[in-house]
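Chemist: Handing over work18.txt, compact mmCIF, C-alpha atoms.
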```
# COMPACT_ATOMS: atom_id res chain seq x y z
CA GLN H 1 -66.95 -42.47 -97.65
CA MET H 2 -66.61 -42.79 -93.87
CA CYS H 3 -63.15 -44.31 -94.21
CA ILE H 4 -61.96 -41.54 -96.53
CA ARG H 5 -63.24 -38.90 -94.10
CA ASP H 6 -61.62 -40.64 -91.18
CA ARG H 7 -58.30 -40.89 -93.01
CA TRP H 8 -58.56 -37.21 -94.01
CA TYR H 9 -59.27 -36.22 -90.40
CA GLN H 10 -56.38 -38.28 -89.12
CA ARG H 11 -53.96 -36.73 -91.66
CA ARG H 12 -55.18 -33.23 -90.68
CA VAL H 13 -54.73 -33.88 -86.97
CA HIS H 14 -51.36 -35.45 -87.58
CA GLY H 15 -50.31 -32.45 -89.63
CA GLU H 16 -51.37 -29.95 -86.97
CA ASN H 17 -49.53 -31.93 -84.29
CA ARG H 18 -46.37 -31.86 -86.39
CA LYS H 19 -46.78 -28.08 -86.82
CA ILE H 20 -47.25 -27.53 -83.09
CA LEU H 21 -44.27 -29.75 -82.31
CA GLY H 22 -42.14 -27.79 -84.78
CA GLU H 23 -43.14 -24.49 -83.20
CA MET H 24 -42.32 -25.82 -79.73
CA THR H 25 -38.91 -27.00 -80.95
CA ASN H 26 -38.15 -23.67 -82.53
CA HIS H 27 -39.21 -21.77 -79.35
CA THR H 28 -37.03 -23.98 -77.16
CA THR H 29 -34.07 -23.48 -79.47
CA LEU H 30 -34.59 -19.70 -79.35
CA GLU H 31 -34.63 -19.74 -75.54
CA ASN H 32 -31.41 -21.75 -75.47
CA VAL H 33 -29.76 -19.31 -77.85
CA THR H 34 -30.95 -16.34 -75.76
CA SER H 35 -29.78 -17.84 -72.44
CA THR H 36 -26.36 -18.59 -73.86
CA ALA H 37 -25.99 -15.29 -75.69
CA PRO H 38 -22.76 -13.38 -74.99
CA GLY H 39 -23.05 -11.21 -71.83
CA ALA H 40 -26.04 -13.03 -70.35
CA GLU H 41 -23.96 -14.97 -67.84
CA GLY H 42 -22.00 -11.83 -66.93
CA ALA H 43 -25.24 -9.95 -66.27
CA SER H 44 -26.40 -12.65 -63.86
CA ASN H 45 -23.11 -12.38 -61.93
CA LEU H 46 -23.21 -8.57 -61.72
CA PRO H 47 -24.68 -8.35 -58.16
CA PHE H 48 -22.01 -10.73 -56.85
CA LEU H 49 -19.24 -8.67 -58.46
CA ILE H 50 -20.61 -5.45 -56.95
CA VAL H 51 -20.67 -6.99 -53.44
CA LEU H 52 -17.12 -8.29 -53.90
CA ALA H 53 -15.90 -4.85 -54.98
CA VAL H 54 -17.50 -3.20 -51.94
CA ILE H 55 -15.79 -5.68 -49.60
CA VAL H 56 -12.38 -5.09 -51.19
CA VAL H 57 -12.76 -1.30 -50.92
CA ALA H 58 -13.87 -1.57 -47.28
CA ILE H 59 -10.82 -3.67 -46.38
CA PHE H 60 -8.51 -1.18 -48.11
CA VAL H 61 -10.05 1.79 -46.29
CA TRP H 62 -9.86 0.01 -42.91
CA ARG H 63 -6.20 -0.88 -43.38
CA SER H 64 -5.34 2.63 -44.47
CA PHE H 65 -7.13 4.09 -41.44
CA SER H 66 -5.28 1.75 -39.10
CA LYS H 67 -1.91 2.75 -40.54
CA ARG H 68 -2.68 6.41 -39.89
CA GLY H 69 -3.14 5.69 -36.18
CA GLY H 70 -6.88 5.00 -36.12
CA GLY H 71 -8.73 1.83 -35.24
CA SER H 72 -7.07 -0.39 -32.67
CA GLN H 73 -3.47 0.77 -33.25
CA ARG H 74 -1.75 1.79 -30.00
CA ASN H 75 1.26 4.06 -30.39
CA LEU H 76 0.78 6.95 -27.96
CA LEU H 77 2.54 7.62 -24.68
CA VAL H 78 -0.16 9.44 -22.70
CA PHE H 79 0.59 11.71 -19.74
CA LEU H 80 -2.21 12.10 -17.17
CA GLY H 81 -2.52 13.61 -13.71
CA PRO H 82 -3.81 16.62 -11.76
CA CYS H 83 -2.84 20.20 -12.53
CA ASN H 84 0.60 21.31 -11.32
CA SER H 85 1.87 17.75 -10.88
CA GLY H 86 4.66 18.32 -13.43
CA LYS H 87 3.36 16.37 -16.46
CA THR H 88 4.56 18.86 -19.05
CA SER H 89 7.96 19.33 -17.36
CA LEU H 90 8.49 15.57 -17.24
CA LEU H 91 7.49 15.16 -20.90
CA TYR H 92 9.90 17.84 -22.09
CA LYS H 93 12.64 16.50 -19.85
CA LEU H 94 12.29 13.18 -21.66
CA ALA H 95 12.10 14.84 -25.06
CA THR H 96 14.85 17.46 -24.74
CA LYS H 97 16.90 16.30 -21.71
CA SER H 98 16.55 19.80 -20.32
CA LYS H 99 14.27 21.30 -17.71
CA ILE H 100 11.69 23.89 -18.69
CA ASP H 101 9.72 26.17 -16.42
CA SER H 102 6.15 25.43 -17.41
CA ILE H 103 2.82 26.62 -16.20
CA SER H 104 -0.40 24.63 -16.06
CA SER H 105 -1.21 23.53 -19.61
CA LEU H 106 -4.29 25.04 -21.21
CA GLU H 107 -4.40 22.71 -24.20
CA ILE H 108 -3.49 19.17 -25.18
CA ASN H 109 0.16 18.94 -26.20
CA ARG H 110 1.26 16.41 -28.80
CA VAL H 111 5.03 15.91 -29.03
CA ALA H 112 7.08 13.58 -31.24
CA PHE H 113 10.67 12.94 -30.21
CA GLU H 114 13.47 10.39 -30.15
CA LEU H 115 14.26 8.85 -26.79
CA SER H 116 17.85 7.64 -26.81
CA SER H 117 20.55 6.26 -24.55
CA ASP H 118 24.05 4.91 -25.10
CA ASP H 119 22.85 1.64 -26.61
CA ARG H 120 19.31 2.24 -27.88
CA ALA H 121 16.91 4.75 -29.40
CA THR H 122 13.21 4.77 -30.18
CA GLN H 123 10.71 7.16 -31.71
CA ILE H 124 7.96 8.32 -29.35
CA GLU H 125 4.72 10.16 -29.94
CA ALA H 126 3.48 11.56 -26.64
CA LEU H 127 0.29 13.27 -25.55
CA ASP H 128 0.08 15.58 -22.53
CA ILE H 129 -3.54 15.97 -21.40
CA PRO H 130 -4.12 18.86 -18.95
CA GLY H 131 -5.64 18.06 -15.58
CA HIS H 132 -8.48 20.57 -15.91
CA SER H 133 -11.94 19.05 -15.60
CA HIS H 134 -13.09 20.15 -19.08
CA PHE H 135 -10.47 17.86 -20.64
CA LYS H 136 -11.85 14.75 -18.92
CA HIS H 137 -14.10 13.88 -21.85
CA SER H 138 -11.08 13.76 -24.17
CA ILE H 139 -9.30 11.04 -22.24
CA GLU H 140 -11.41 8.05 -23.30
CA GLY H 141 -10.63 8.37 -27.01
CA TYR H 142 -6.91 8.81 -26.44
CA ILE H 143 -6.71 5.82 -24.09
CA ALA H 144 -7.82 3.67 -27.03
CA GLN H 145 -4.65 4.78 -28.87
CA ALA H 146 -2.27 4.53 -25.90
CA ARG H 147 0.49 1.96 -25.63
CA ALA H 148 1.42 3.12 -22.13
CA ILE H 149 0.36 5.77 -19.61
CA ILE H 150 2.40 7.88 -17.22
CA PHE H 151 0.27 9.28 -14.40
CA VAL H 152 2.13 12.07 -12.61
CA VAL H 153 1.48 12.89 -8.94
CA ASP H 154 2.87 15.81 -6.93
CA ALA H 155 4.41 13.89 -4.04
CA ALA H 156 4.78 17.08 -1.98
CA ASP H 157 1.09 18.06 -2.21
CA LYS H 158 -0.94 15.87 0.10
CA ALA H 159 -4.15 17.66 -0.82
CA SER H 160 -3.78 16.51 -4.44
CA ILE H 161 -4.20 12.86 -3.41
CA ILE H 162 -7.99 13.19 -3.52
CA GLY H 163 -7.94 14.53 -7.07
CA SER H 164 -5.38 11.92 -8.13
CA SER H 165 -7.47 9.08 -6.73
CA MET H 166 -10.56 10.35 -8.57
CA ASP H 167 -8.64 10.55 -11.85
CA LEU H 168 -7.22 7.04 -11.36
CA TYR H 169 -10.65 5.66 -10.47
CA ASP H 170 -12.13 7.14 -13.67
CA LEU H 171 -9.22 5.69 -15.66
CA PHE H 172 -9.76 2.19 -14.26
CA ILE H 173 -13.44 2.17 -15.23
CA ASN H 174 -12.78 3.74 -18.64
CA PRO H 175 -14.15 1.12 -21.10
CA ASN H 176 -11.03 1.30 -23.28
CA TYR H 177 -8.76 0.71 -20.29
CA ALA H 178 -10.97 -1.87 -18.55
CA ALA H 179 -11.17 -3.96 -21.73
CA ASN H 180 -7.41 -3.91 -22.24
CA PRO H 181 -5.40 -2.65 -19.24
CA ILE H 182 -2.15 -1.25 -20.61
CA PRO H 183 1.08 -0.54 -18.70
CA LEU H 184 0.68 2.35 -16.28
CA LEU H 185 3.44 4.14 -14.40
CA ILE H 186 2.47 6.29 -11.43
CA ALA H 187 5.36 8.76 -11.20
CA LEU H 188 5.67 10.43 -7.79
CA ASN H 189 7.28 13.68 -8.88
CA LYS H 190 8.98 16.49 -6.92
CA GLN H 191 10.98 14.20 -4.66
CA ASP H 192 13.45 17.09 -4.35
CA ASN H 193 10.88 18.89 -2.16
CA ILE H 194 11.39 18.42 1.57
CA LEU H 195 7.65 17.77 1.95
CA ALA H 196 7.59 14.95 -0.62
CA ARG H 197 6.23 11.64 0.64
CA LYS H 198 7.56 8.25 -0.36
CA GLN H 199 5.98 5.54 -2.46
CA ALA H 200 4.62 3.36 0.34
CA THR H 201 2.81 6.31 1.94
CA ILE H 202 1.27 7.63 -1.27
CA GLU H 203 0.23 4.17 -2.49
CA GLU H 204 -1.61 3.59 0.79
CA GLU H 205 -3.27 7.02 0.62
CA LEU H 206 -4.44 6.45 -2.95
CA THR H 207 -5.77 2.97 -2.07
CA ASN H 208 -7.78 4.34 0.87
CA GLU H 209 -9.22 7.18 -1.20
CA ILE H 210 -10.28 4.82 -3.99
CA GLU H 211 -12.00 2.64 -1.39
CA ARG H 212 -13.90 5.69 -0.15
CA LEU H 213 -14.90 6.52 -3.70
CA LYS H 214 -16.22 2.99 -4.21
CA ALA H 215 -18.41 3.25 -1.11
CA SER H 216 -19.63 6.74 -2.00
CA ARG H 217 -20.60 5.86 -5.56
CA ARG H 218 -22.29 2.66 -4.43
CA ALA H 219 -24.30 4.54 -1.79
CA THR H 220 -25.42 7.30 -4.16
CA ASN H 221 -26.41 4.73 -6.80
CA ASP H 222 -24.25 6.39 -9.42
CA ASP H 223 -25.76 5.69 -12.86
CA ASN H 224 -22.43 5.10 -14.62
CA SER H 225 -22.94 1.67 -16.21
CA ASN H 226 -19.16 1.29 -16.69
CA ASP H 227 -18.42 1.52 -12.97
CA TYR H 228 -17.69 -2.09 -12.05
CA LEU H 229 -15.41 -1.15 -9.13
CA LYS H 230 -18.20 0.05 -6.85
CA PHE H 231 -19.68 -3.48 -6.83
CA ASP H 232 -16.35 -5.11 -5.99
CA ASN H 233 -16.48 -6.32 -2.37
CA GLN H 234 -12.75 -6.90 -2.17
CA LYS H 235 -10.50 -4.07 -1.08
CA PHE H 236 -8.97 -2.24 -3.99
CA SER H 237 -5.39 -3.15 -4.86
CA PHE H 238 -3.11 -1.73 -7.52
CA THR H 239 -1.73 -5.22 -8.06
CA ARG H 240 -4.77 -6.16 -10.14
CA PHE H 241 -3.53 -3.88 -12.94
CA PRO H 242 -0.19 -3.70 -14.82
CA ILE H 243 0.93 -0.76 -12.65
CA LYS H 244 4.33 0.38 -11.46
CA PHE H 245 5.25 3.16 -9.05
CA CYS H 246 8.39 5.25 -9.06
CA GLU H 247 9.79 8.23 -7.21
CA CYS H 248 11.26 10.90 -9.49
CA SER H 249 12.35 14.50 -9.66
CA VAL H 250 12.42 16.53 -12.86
CA THR H 251 14.33 19.28 -11.05
CA ASN H 252 17.13 16.92 -10.01
CA ASP H 253 17.10 15.07 -13.35
CA ASP H 254 16.10 11.90 -11.49
CA ILE H 255 13.90 10.28 -14.14
CA LYS H 256 15.83 7.10 -14.94
CA PHE H 257 12.95 4.81 -13.95
CA VAL H 258 10.60 6.80 -16.21
CA ARG H 259 12.97 6.45 -19.16
CA ASP H 260 13.36 2.72 -18.50
CA PHE H 261 9.58 2.33 -18.39
CA VAL H 262 9.23 3.93 -21.83
CA PHE H 263 12.04 1.87 -23.35
CA GLU H 264 10.49 -1.28 -21.89
CA ASN H 265 7.19 -0.64 -23.66
CA TRP H 266 8.70 0.53 -26.95
CA ALA H 267 11.30 -2.25 -27.18
```
Can I see the file as structure tokens?
Modeler:
Amino acid sequence: QMCIRDRWYQRRVHGENRKILGEMTNHTTLENVTSTAPGAEGASNLPFLIVLAVIVVAIFVWRSFSKRGGGSQRNLLVFLGPCNSGKTSLLYKLATKSKIDSISSLEINRVAFELSSDDRATQIEALDIPGHSHFKHSIEGYIAQARAIIFVVDAADKASIIGSSMDLYDLFINPNYAANPIPLLIALNKQDNILARKQATIEEELTNEIERLKASRRATNDDNSNDYLKFDNQKFSFTRFPIKFCECSVTNDDIKFVRDFVFENWA
């Protein structure tokens, strides 16, 4: 009787084990079928595809913005300088080959024109920024888009040297210029005036004024964090920047050096 009971118990246990094993096998098979069901793998890759799509769109938008003149693209010819130095007259002389009688500009002028000579021509987009103080804040953004700068000085107005030196100082410490100094032409206009001074004299006057500005800003502990010049112990020199000087006269149509400077930077 004991042996029969033992055999019955063993058969029962063995049967239950086989049932449990069968259920486990069926459950595993169901999981495998579910994990390999159509669309399951695609669902797991969905976050990656979304990220990839965002990156592609961002690249497309950035490239489109750059082509429209944003970002780091530099295409502008920017005219700077004090009021009444002749910036607007010089710009329109380049653009139209004729002299205009202009007054001090009250707004930023944007002019597109073709600069041509006997053997070459190039398309120019120029920006004339007035010398009034309330336009100073506009300069930084435009410098980031500038390929070259023409800074116009009234060579016959000695009193304007102080204002010119302050404008040049602010340009040199402009973050967009300091990070990437671009070609700069200092055009000494109105050489037709009997009071006009020559390049050597004006360059020396500007250098001395910039030195005085350095000392003044260092002494007053100016809080402009971009002003690296005031800590420079060496005497200021224009030779540290890609700068050229020229004497010119819009009235006498003596602007050949200005035209050559533009052609050189739009070659």
Chemist: Measure the distance from CA of Lys190 (chain H) to CA of Gln123 (chain H) in Å and round it to one decimal.
Modeler: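 Going from CA of Lys190 (chain H) over to CA of Gln123 (chain H), I get 26.5 Å.
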Chemist: Excluding Ala144 (chain H) and its own-chain neighbours fewer than 5 positions away, which residues fall within 12 Å of it when counting all atoms listed in the file? Please give them as a list of chain:residue names.
Modeler: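 Result of the neighbour search: H:Gly69, H:Gly70, H:Gly71, H:Ser72, H:Gln73, H:Arg74, H:Asn75, H:Leu76, H:Leu77, H:Val78, H:Ser138, H:Ile139, H:Ile149, H:Leu171, H:Asn174, H:Pro175, H:Asn176, H:Tyr177, H:Ala178, H:Ala179, H:Asn180, H:Pro181, H:Ile182.
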Chemist: Could you tell me how far CA of Ile108 (chain H) sits from CA of Tyr169 (chain H), in Å to one decimal place?
Modeler: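 Going from CA of Tyr169 (chain H) over to CA of Ile108 (chain H) covers 21.2 Å.
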Chemist: What separation in Å, quoted to one decimal, exists between CA of Thr96 (chain H) and CA of Asp254 (chain H)?
Modeler: 14.4 Å
Chemist: Quick one: residues within 12 Å of Ile162 (chain H), all atoms listed in the file, excluding same-chain residues fewer than 6 positions away - as a PyMOL selection string?
Modeler: chain H and resi 81-82+153-154+168-169+202+205-213
Chemist: Extract, using all atoms listed in the file, all DNA, RNA and protein residues at most 9 Å from region 243-245 of chain H, discarding same-chain residues fewer than 3 positions from it, and format them as a PyMOL selection string.
Modeler: chain H and resi 182-188+199+203+238-240+261
Chemist: Taking all atoms listed in the file into account, which of H:Lys97, H:Asp157, H:Leu195, H:Glu204 comes nearest Leu115 (chain H)?
Modeler: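 Closest to Leu115 (chain H), using all atoms listed in the file: H:Lys97.
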Chemist: With all atoms listed in the file as the atoms that count, which of H:Asn226, H:Asn189, H:Asp170, H:Ala126 lies nearest to Ile255 (chain H)?
Modeler: H:Asn189
Chemist: Give the answer as one residue: which of H:Lys230, H:Arg110, H:Arg197, H:Arg147 has the shortest atom-to-atom distance to Tyr92 (chain H), using all atoms listed in the file?
Modeler: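 For Tyr92 (chain H), the nearest of the candidates is H:Arg110.
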Chemist: So which one's closest to Ala200 (chain H), H:Cys83, H:Ile124, H:Ala155, H:Ala146? Using all atoms listed in the file, please.
Modeler: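 Using all atoms listed in the file, the shortest distance to Ala200 (chain H) belongs to H:Ala155.
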